[in-house]
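Asker: Below is the file model.txt, which contains compact mmCIF, C-alpha atoms.
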# COMPACT_ATOMS: atom_id res chain seq x y z
CA MET A 1 0.00 0.00 0.00
CA ASP A 2 2.86 2.37 0.75
CA LYS A 3 4.12 2.02 -2.81
CA VAL A 4 0.72 2.86 -4.26
CA ASN A 5 0.16 5.78 -1.90
CA SER A 6 3.49 7.32 -2.88
CA SER A 7 2.37 7.59 -6.52
CA VAL A 8 1.16 11.19 -6.37
CA VAL A 9 1.81 12.02 -10.03
CA SER A 10 -1.55 12.26 -11.79
CA GLU A 11 -0.22 13.43 -15.15
CA PHE A 12 2.97 13.55 -17.18
CA VAL A 13 4.37 16.45 -19.19
CA LEU A 14 5.40 15.54 -22.73
CA LEU A 15 8.31 17.46 -24.21
CA GLY A 16 7.17 17.51 -27.80
CA LEU A 17 8.75 18.75 -31.02
CA SER A 18 9.03 22.14 -32.65
CA THR A 19 5.95 23.40 -34.53
CA PHE A 20 8.21 23.48 -37.59
CA PHE A 21 7.50 19.75 -38.04
CA PHE A 22 3.70 20.02 -37.88
CA ALA A 23 3.11 20.13 -41.64
CA ILE A 24 5.56 17.30 -42.32
CA PHE A 25 4.14 14.93 -39.72
CA SER A 26 0.55 15.81 -40.61
CA LEU A 27 1.25 14.85 -44.22
CA VAL A 28 3.00 11.63 -43.22
CA TYR A 29 0.19 10.72 -40.80
CA VAL A 30 -2.65 11.32 -43.28
CA THR A 31 -0.78 9.56 -46.09
CA SER A 32 -0.01 6.58 -43.86
CA VAL A 33 -3.59 6.12 -42.66
CA LEU A 34 -5.17 6.61 -46.10
CA GLY A 35 -2.52 4.43 -47.76
CA ASN A 36 -3.09 1.52 -45.39
CA ILE A 37 -6.88 1.87 -45.66
CA MET A 38 -6.48 1.79 -49.44
CA ILE A 39 -4.50 -1.46 -49.21
CA ILE A 40 -7.17 -3.09 -47.05
CA VAL A 41 -9.93 -1.99 -49.46
CA ILE A 42 -8.01 -3.21 -52.52
CA ILE A 43 -7.14 -6.60 -50.99
CA SER A 44 -10.68 -7.20 -49.71
CA SER A 45 -12.36 -6.17 -52.98
CA ASP A 46 -10.10 -7.81 -55.57
CA SER A 47 -10.42 -11.57 -56.07
CA HIS A 48 -6.99 -11.68 -57.72
CA LEU A 49 -5.43 -10.88 -54.33
CA ASN A 50 -7.19 -13.71 -52.52
CA SER A 51 -3.95 -15.35 -51.36
CA PRO A 52 -2.24 -15.92 -47.99
CA LEU A 53 0.39 -13.25 -48.65
CA TYR A 54 -2.17 -10.52 -49.22
CA PHE A 55 -4.33 -11.70 -46.33
CA LEU A 56 -1.31 -11.19 -44.05
CA LEU A 57 -0.49 -7.91 -45.80
CA GLY A 58 -4.00 -6.64 -45.13
CA ASN A 59 -3.64 -7.47 -41.45
CA LEU A 60 -0.26 -5.72 -41.41
CA SER A 61 -1.97 -2.61 -42.80
CA PHE A 62 -4.56 -2.80 -40.03
CA ILE A 63 -1.81 -2.92 -37.38
CA ASP A 64 -0.08 0.03 -39.06
CA ILE A 65 -3.31 2.04 -38.92
CA CYS A 66 -3.56 1.27 -35.21
CA GLN A 67 0.08 2.22 -34.66
CA SER A 68 -0.44 5.50 -36.54
CA ASN A 69 -3.27 6.46 -34.19
CA PHE A 70 -2.04 5.49 -30.71
CA ALA A 71 -0.04 8.71 -30.20
CA THR A 72 0.30 10.72 -33.43
CA PRO A 73 -3.08 12.55 -33.31
CA LYS A 74 -2.29 13.80 -29.80
CA MET A 75 1.21 14.82 -30.92
CA LEU A 76 -0.28 16.88 -33.76
CA MET A 77 -2.76 18.58 -31.41
CA ASP A 78 0.01 19.26 -28.89
CA PHE A 79 1.86 21.34 -31.47
CA PHE A 80 -0.66 24.10 -30.66
CA VAL A 81 -0.73 23.57 -26.89
CA GLU A 82 1.80 25.26 -24.64
CA HIS A 83 1.38 22.85 -21.72
CA LYS A 84 1.58 19.35 -23.20
CA THR A 85 0.27 16.87 -20.64
CA ILE A 86 -1.16 13.39 -20.54
CA SER A 87 -2.98 11.72 -17.65
CA PHE A 88 -1.40 8.81 -15.78
CA GLU A 89 -4.06 6.48 -17.23
CA GLY A 90 -3.52 7.86 -20.72
CA CYS A 91 0.22 7.33 -20.39
CA MET A 92 -0.22 3.70 -19.34
CA ALA A 93 -2.66 3.22 -22.23
CA GLN A 94 -0.07 4.51 -24.72
CA ILE A 95 2.55 2.11 -23.34
CA PHE A 96 0.12 -0.80 -23.60
CA LEU A 97 -0.99 0.04 -27.15
CA LEU A 98 2.50 0.70 -28.51
CA HIS A 99 3.95 -2.59 -27.27
CA SER A 100 0.84 -4.51 -28.34
CA PHE A 101 1.03 -3.17 -31.90
CA VAL A 102 4.80 -3.46 -32.24
CA GLY A 103 4.87 -6.98 -30.78
CA SER A 104 2.05 -8.07 -33.08
CA GLU A 105 3.74 -6.58 -36.14
CA MET A 106 6.99 -8.39 -35.36
CA LEU A 107 5.24 -11.76 -35.29
CA LEU A 108 3.25 -10.91 -38.42
CA LEU A 109 6.46 -10.08 -40.31
CA VAL A 110 7.78 -13.51 -39.29
CA ALA A 111 4.57 -15.08 -40.60
CA MET A 112 5.01 -13.25 -43.91
CA ALA A 113 8.60 -14.49 -44.12
CA TYR A 114 7.36 -18.05 -43.54
CA ASP A 115 4.81 -17.55 -46.33
CA ARG A 116 7.59 -16.52 -48.74
CA PHE A 117 9.76 -19.41 -47.53
CA ILE A 118 7.05 -21.96 -48.39
CA ALA A 119 6.17 -20.23 -51.69
CA ILE A 120 9.76 -20.21 -52.94
CA CYS A 121 11.38 -23.23 -51.29
CA LYS A 122 8.38 -25.59 -51.36
CA PRO A 123 6.12 -24.27 -54.13
CA LEU A 124 4.37 -27.60 -54.80
CA HIS A 125 3.15 -27.74 -51.20
CA TYR A 126 2.29 -24.04 -50.88
CA SER A 127 -1.50 -24.28 -51.28
CA THR A 128 -1.65 -27.22 -48.88
CA ILE A 129 0.48 -25.66 -46.14
CA MET A 130 -0.52 -21.98 -46.42
CA ASN A 131 -4.28 -22.39 -46.15
CA ARG A 132 -6.67 -19.79 -44.71
CA SER A 133 -6.87 -21.56 -41.36
CA LEU A 134 -3.11 -21.33 -40.84
CA CYS A 135 -3.15 -17.63 -41.80
CA ILE A 136 -5.88 -16.94 -39.24
CA ILE A 137 -3.83 -18.82 -36.62
CA PHE A 138 -0.79 -16.68 -37.51
CA VAL A 139 -2.80 -13.48 -37.06
CA PHE A 140 -4.29 -14.69 -33.76
CA ILE A 141 -0.88 -15.68 -32.40
CA SER A 142 0.66 -12.35 -33.43
CA TRP A 143 -2.03 -10.39 -31.58
CA ALA A 144 -1.92 -12.71 -28.55
CA VAL A 145 1.86 -12.48 -28.22
CA GLY A 146 1.78 -8.70 -28.72
CA ILE A 147 -0.86 -8.21 -26.04
CA LEU A 148 0.81 -10.57 -23.57
CA HIS A 149 4.15 -8.86 -24.23
CA SER A 150 2.54 -5.51 -23.47
CA ILE A 151 0.74 -6.74 -20.34
CA SER A 152 4.02 -8.10 -18.97
CA HIS A 153 5.45 -4.57 -19.20
CA LEU A 154 2.39 -2.82 -17.84
CA ALA A 155 2.01 -5.16 -14.85
CA PHE A 156 5.27 -3.86 -13.39
CA THR A 157 4.99 -0.25 -14.55
CA VAL A 158 1.51 0.68 -13.35
CA ASP A 159 2.39 0.21 -9.66
CA LEU A 160 5.71 2.06 -9.73
CA PRO A 161 5.86 5.00 -7.28
CA PHE A 162 5.82 8.28 -9.23
CA CYS A 163 6.19 11.07 -6.71
CA GLY A 164 8.37 13.76 -8.22
CA PRO A 165 9.63 14.56 -11.75
CA ASN A 166 6.97 14.02 -14.39
CA GLU A 167 8.57 15.30 -17.60
CA VAL A 168 8.86 12.69 -20.37
CA ASN A 169 11.41 13.71 -23.00
CA SER A 170 9.31 12.50 -25.91
CA PHE A 171 6.01 13.24 -27.63
CA PHE A 172 4.47 10.06 -26.20
CA CYS A 173 4.91 7.87 -23.12
CA ASP A 174 7.98 5.83 -23.99
CA LEU A 175 8.37 3.01 -21.45
CA PRO A 176 12.11 3.45 -20.61
CA LEU A 177 11.64 7.21 -20.16
CA VAL A 178 8.62 6.71 -17.89
CA ILE A 179 10.42 4.12 -15.76
CA GLU A 180 13.26 6.60 -15.18
CA LEU A 181 10.79 8.92 -13.40
CA ALA A 182 9.93 6.40 -10.68
CA CYS A 183 10.96 7.33 -7.13
CA MET A 184 12.94 4.16 -6.54
CA ASP A 185 15.92 2.22 -7.79
CA THR A 186 14.73 0.98 -11.18
CA TYR A 187 17.80 -1.07 -12.14
CA GLU A 188 16.00 -4.43 -11.87
CA MET A 189 13.00 -3.01 -13.71
CA GLU A 190 15.27 -1.77 -16.48
CA ILE A 191 16.87 -5.20 -16.84
CA MET A 192 13.44 -6.86 -16.99
CA THR A 193 12.29 -4.41 -19.66
CA LEU A 194 15.46 -4.93 -21.67
CA THR A 195 15.17 -8.72 -21.41
CA ASN A 196 11.47 -8.82 -22.28
CA SER A 197 11.60 -6.53 -25.31
CA GLY A 198 15.08 -7.59 -26.34
CA LEU A 199 14.18 -11.26 -26.51
CA ILE A 200 11.11 -10.81 -28.69
CA SER A 201 12.88 -8.26 -30.93
CA LEU A 202 16.08 -10.22 -31.43
CA GLY A 203 14.22 -13.53 -31.64
CA CYS A 204 11.96 -12.31 -34.45
CA PHE A 205 14.85 -10.54 -36.19
CA LEU A 206 17.03 -13.67 -36.16
CA ALA A 207 14.12 -15.78 -37.43
CA LEU A 208 13.67 -13.31 -40.29
CA VAL A 209 17.39 -13.21 -41.11
CA ILE A 210 17.58 -17.02 -41.24
CA SER A 211 14.40 -17.29 -43.34
CA TYR A 212 15.39 -14.69 -45.89
CA THR A 213 18.95 -16.02 -46.12
CA ILE A 214 17.63 -19.48 -47.03
CA ILE A 215 15.16 -17.93 -49.49
CA LEU A 216 17.82 -15.79 -51.17
CA ILE A 217 20.12 -18.80 -51.55
CA THR A 218 17.26 -20.74 -53.16
CA VAL A 219 16.40 -17.89 -55.52
CA ARG A 220 20.02 -17.42 -56.48
CA HIS A 221 20.23 -21.01 -57.78
CA ARG A 222 17.29 -20.46 -60.08
CA SER A 223 17.29 -18.51 -63.33
CA SER A 224 13.81 -17.66 -64.50
CA SER A 225 11.35 -14.79 -64.70
CA GLY A 226 9.57 -16.23 -61.67
CA SER A 227 12.77 -16.02 -59.67
CA SER A 228 13.22 -12.41 -60.78
CA LYS A 229 9.74 -11.56 -59.53
CA ALA A 230 10.41 -13.40 -56.26
CA LEU A 231 13.65 -11.47 -55.79
CA SER A 232 11.83 -8.17 -56.29
CA THR A 233 9.24 -9.15 -53.68
CA LEU A 234 11.95 -10.26 -51.26
CA THR A 235 13.78 -6.96 -51.66
CA ALA A 236 10.67 -5.12 -50.49
CA HIS A 237 10.22 -7.47 -47.54
CA ILE A 238 13.84 -7.21 -46.44
CA THR A 239 13.78 -3.41 -46.72
CA VAL A 240 10.77 -3.21 -44.40
CA VAL A 241 12.39 -5.61 -41.93
CA ILE A 242 15.59 -3.55 -41.75
CA LEU A 243 13.78 -0.22 -41.37
CA PHE A 244 11.37 -1.70 -38.80
CA PHE A 245 13.84 -3.59 -36.64
CA GLY A 246 16.77 -1.17 -36.93
CA PRO A 247 15.44 1.52 -34.57
CA CYS A 248 13.76 -1.12 -32.40
CA ILE A 249 16.99 -3.01 -31.72
CA TYR A 250 18.86 0.27 -31.23
CA PHE A 251 16.41 1.36 -28.53
CA TYR A 252 16.86 -1.88 -26.61
CA ILE A 253 20.65 -1.93 -26.87
CA TRP A 254 20.83 1.49 -25.20
CA PRO A 255 17.34 1.73 -23.68
CA PHE A 256 18.12 3.91 -20.66
CA SER A 257 20.90 6.10 -22.03
CA ARG A 258 19.15 8.35 -24.52
CA LEU A 259 20.69 10.86 -26.91
CA SER A 260 18.97 13.90 -28.43
CA VAL A 261 18.67 12.08 -31.77
CA ASP A 262 16.58 9.38 -30.11
CA LYS A 263 13.50 11.61 -30.07
CA PHE A 264 13.64 11.82 -33.85
CA LEU A 265 14.17 8.05 -34.11
CA SER A 266 11.05 7.64 -31.97
CA VAL A 267 9.17 9.85 -34.41
CA PHE A 268 10.41 7.77 -37.34
CA TYR A 269 9.45 4.54 -35.58
CA THR A 270 5.94 5.57 -34.57
CA VAL A 271 4.96 8.03 -37.33
CA CYS A 272 6.95 7.03 -40.42
CA THR A 273 7.18 3.22 -40.07
CA PRO A 274 3.43 2.68 -40.76
CA LEU A 275 3.99 4.44 -44.08
CA LEU A 276 6.49 1.78 -45.18
CA ASN A 277 3.75 -0.75 -45.88
CA PRO A 278 1.91 1.29 -48.56
CA ILE A 279 5.12 2.56 -50.15
CA ILE A 280 7.44 -0.45 -50.14
CA TYR A 281 5.17 -3.50 -49.98
CA SER A 282 2.43 -2.27 -52.25
CA LEU A 283 3.45 0.46 -54.68
CA ARG A 284 6.40 -1.69 -55.78
CA ASN A 285 4.13 -4.73 -56.11
CA GLU A 286 2.78 -5.31 -59.62
CA ASP A 287 -0.21 -7.33 -58.37
CA VAL A 288 -1.32 -4.52 -56.07
CA LYS A 289 -0.77 -1.88 -58.76
CA SER A 290 -2.85 -3.92 -61.21
CA ALA A 291 -5.60 -4.24 -58.59
CA MET A 292 -5.51 -0.47 -58.06
CA ARG A 293 -5.99 0.08 -61.80
CA ARG A 294 -8.89 -2.38 -61.90
CA LEU A 295 -10.55 -0.67 -58.93
CA ARG A 296 -10.04 2.76 -60.49
CA ASN A 297 -11.46 1.63 -63.86
CA HIS A 298 -14.44 0.05 -62.12
CA HIS A 299 -15.31 3.32 -60.37
CA VAL A 300 -14.72 5.36 -63.52
CA ASN A 301 -17.08 3.11 -65.48
CA SER A 302 -19.64 3.29 -62.66
CA TRP A 303 -19.59 7.10 -62.72
CA LYS A 304 -20.00 7.15 -66.51
CA ASN A 305 -23.03 4.89 -66.31
Here is the file; what I need is its structure written in the form of structure tokens.
Answerer:
Amino acid sequence: MDKVNSSVVSEFVLLGLSTFFFAIFSLVYVTSVLGNIMIIVIISSDSHLNSPLYFLLGNLSFIDICQSNFATPKMLMDFFVEHKTISFEGCMAQIFLLHSFVGSEMLLLVAMAYDRFIAICKPLHYSTIMNRSLCIIFVFISWAVGILHSISHLAFTVDLPFCGPNEVNSFFCDLPLVIELACMDTYEMEIMTLTNSGLISLGCFLALVISYTIILITVRHRSSSGSSKALSTLTAHITVVILFFGPCIYFYIWPFSRLSVDKFLSVFYTVCTPLLNPIIYSLRNEDVKSAMRRLRNHHVNSWKN
């Protein structure tokens, strides 16, 4: 009870960014949300994209929409507010949502790598192995692991004694920065956070590296137009993996020793990363571009009639 009673902080002050960035981040946010919605609409409305890869891609877009909205709208509104605050409950909610979405996306990227592994290394068994039931299981597991990962963080954070400093040097409640404000020795808590997030991040990253290495070796030993198309798809996947996991691994290698550049990496990770899906996965994908043209022609013909 003493620990709970000592938590007198009812709100946190967020040290946001300069108003100079408002137009840039507004554009990125709107483009990201609309782009991911467009992908979901195209995949769900085009029968040519009725495959496991695009089912997983649609779910990835949904997670990216969620990640775009957990903190960015408040950040944009805070550009015009002098005193940028967030309630204790709101701060804990942001921590929960961020780690749920990020954890889920990590597992979903692994599922997409497995899909490409089966498609390229075992093409004759692809339709048997990658059925709709397995894809649904992949999505369920990704959300379950993400939520459990987040709950494991929140269970220890919510009861920490916050009794003094309440300034978070970020535009959202970043877990390591919030833990630093606790009125106690947080060394063990920091180690637990590092272990928890580090294991899931490095585990998924290593699984992806191994999968794509095997796939690239397989593709390299083939010489056909199909292999060329597969290599193009893999390039997009690997680019997203590097850009997604790069900042994530960086944060958990030096989680409690932050530099000024880390705030901008946080912005990239939470605001810009959801934009990678529409740009890299889809606009470089001939199947998606063809589906976009079919959808556009359908609406044009409907308006003419």
Asker: What's around segment 169-181 of chain A at 10 Å? Count only C-alpha atoms, leave out sequence neighbours fewer than 3 positions away in its own chain, and write the answer as a ChimeraX atom specification.
Answerer: /A:12-17,70-72,74-76,78-79,84-86,88,90-96,98-99,153-154,156-158,160-166,184-187,189-190,193-194,251-252,255-258,260,262-264,266-267,270
Asker: Atom CA of Ile136 of chain A and atom CA of Val241 of chain A are how many Å apart?
Answerer: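 Spanning atom CA of Ile136 of chain A to atom CA of Val241 of chain A is a straight-line distance of 21.7 Å.
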Asker: Have a look at A:Thr239, A:Cys183, A:Ile120, A:Leu276 and name the one nearest to His221 of chain A; count all atoms listed in the file.
Answerer: A:Ile120
Asker: To test the calculation: enclose all listed atoms of segment 131-143 of chain A in a box whose edges run along x, y and z, add 5 Å on each side, then state centre and edge lengths in Å to one decimal, as AutoDock Vina command-line options.
Answerer:
--center_x -3.1 --center_y -16.4 --center_z -38.9 --size_x 17.5 --size_y 22.0 --size_z 24.6
Asker: Using only C-alpha atoms, which residues of segment 53-81 of chain A come within 9 Å of segment 130-135 of chain A, and what is the closest atom pair for each, with the distance in Å to one decimal? Give it as a Markdown table, sorted by chain and residue number.
Answerer:
| residue | atom | partner | partner_atom | distance |
| --- | --- | --- | --- | --- |
| A:Leu53 | CA | A:Cys135 | CA | 8.9 |
| A:Phe55 | CA | A:Cys135 | CA | 7.6 |
| A:Leu56 | CA | A:Cys135 | CA | 7.1 |
Asker: Have a look at atom CA of Leu231 of chain A and atom CA of Phe138 of chain A and let me know their distance in Å, one decimal.
Answerer: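 According to the coordinates, atom CA of Leu231 of chain A and atom CA of Phe138 of chain A are separated by 23.9 Å.
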Asker: Around the point (-0.7, -0.4, -41.5) (coordinates from the file), which residues reach within 10 Å if we count all atoms listed in the file? Answer as a PDB file with C-alpha atoms, in the frame of the given file.
Answerer:
ATOM      1  CA  SER A  32      -0.010   6.580 -43.860  1.00  0.00           C
ATOM      2  CA  VAL A  33      -3.590   6.120 -42.660  1.00  0.00           C
ATOM      3  CA  LEU A  34      -5.170   6.610 -46.100  1.00  0.00           C
ATOM      4  CA  GLY A  35      -2.520   4.430 -47.760  1.00  0.00           C
ATOM      5  CA  ASN A  36      -3.090   1.520 -45.390  1.00  0.00           C
ATOM      6  CA  ILE A  37      -6.880   1.870 -45.660  1.00  0.00           C
ATOM      7  CA  ILE A  39      -4.500  -1.460 -49.210  1.00  0.00           C
ATOM      8  CA  ILE A  40      -7.170  -3.090 -47.050  1.00  0.00           C
ATOM      9  CA  LEU A  57      -0.490  -7.910 -45.800  1.00  0.00           C
ATOM     10  CA  GLY A  58      -4.000  -6.640 -45.130  1.00  0.00           C
ATOM     11  CA  ASN A  59      -3.640  -7.470 -41.450  1.00  0.00           C
ATOM     12  CA  LEU A  60      -0.260  -5.720 -41.410  1.00  0.00           C
ATOM     13  CA  SER A  61      -1.970  -2.610 -42.800  1.00  0.00           C
ATOM     14  CA  PHE A  62      -4.560  -2.800 -40.030  1.00  0.00           C
ATOM     15  CA  ILE A  63      -1.810  -2.920 -37.380  1.00  0.00           C
ATOM     16  CA  ASP A  64      -0.080   0.030 -39.060  1.00  0.00           C
ATOM     17  CA  ILE A  65      -3.310   2.040 -38.920  1.00  0.00           C
ATOM     18  CA  CYS A  66      -3.560   1.270 -35.210  1.00  0.00           C
ATOM     19  CA  GLN A  67       0.080   2.220 -34.660  1.00  0.00           C
ATOM     20  CA  SER A  68      -0.440   5.500 -36.540  1.00  0.00           C
ATOM     21  CA  GLU A 105       3.740  -6.580 -36.140  1.00  0.00           C
ATOM     22  CA  THR A 273       7.180   3.220 -40.070  1.00  0.00           C
ATOM     23  CA  PRO A 274       3.430   2.680 -40.760  1.00  0.00           C
ATOM     24  CA  LEU A 275       3.990   4.440 -44.080  1.00  0.00           C
ATOM     25  CA  LEU A 276       6.490   1.780 -45.180  1.00  0.00           C
ATOM     26  CA  ASN A 277       3.750  -0.750 -45.880  1.00  0.00           C
ATOM     27  CA  PRO A 278       1.910   1.290 -48.560  1.00  0.00           C
TER      28      PRO A 278
END
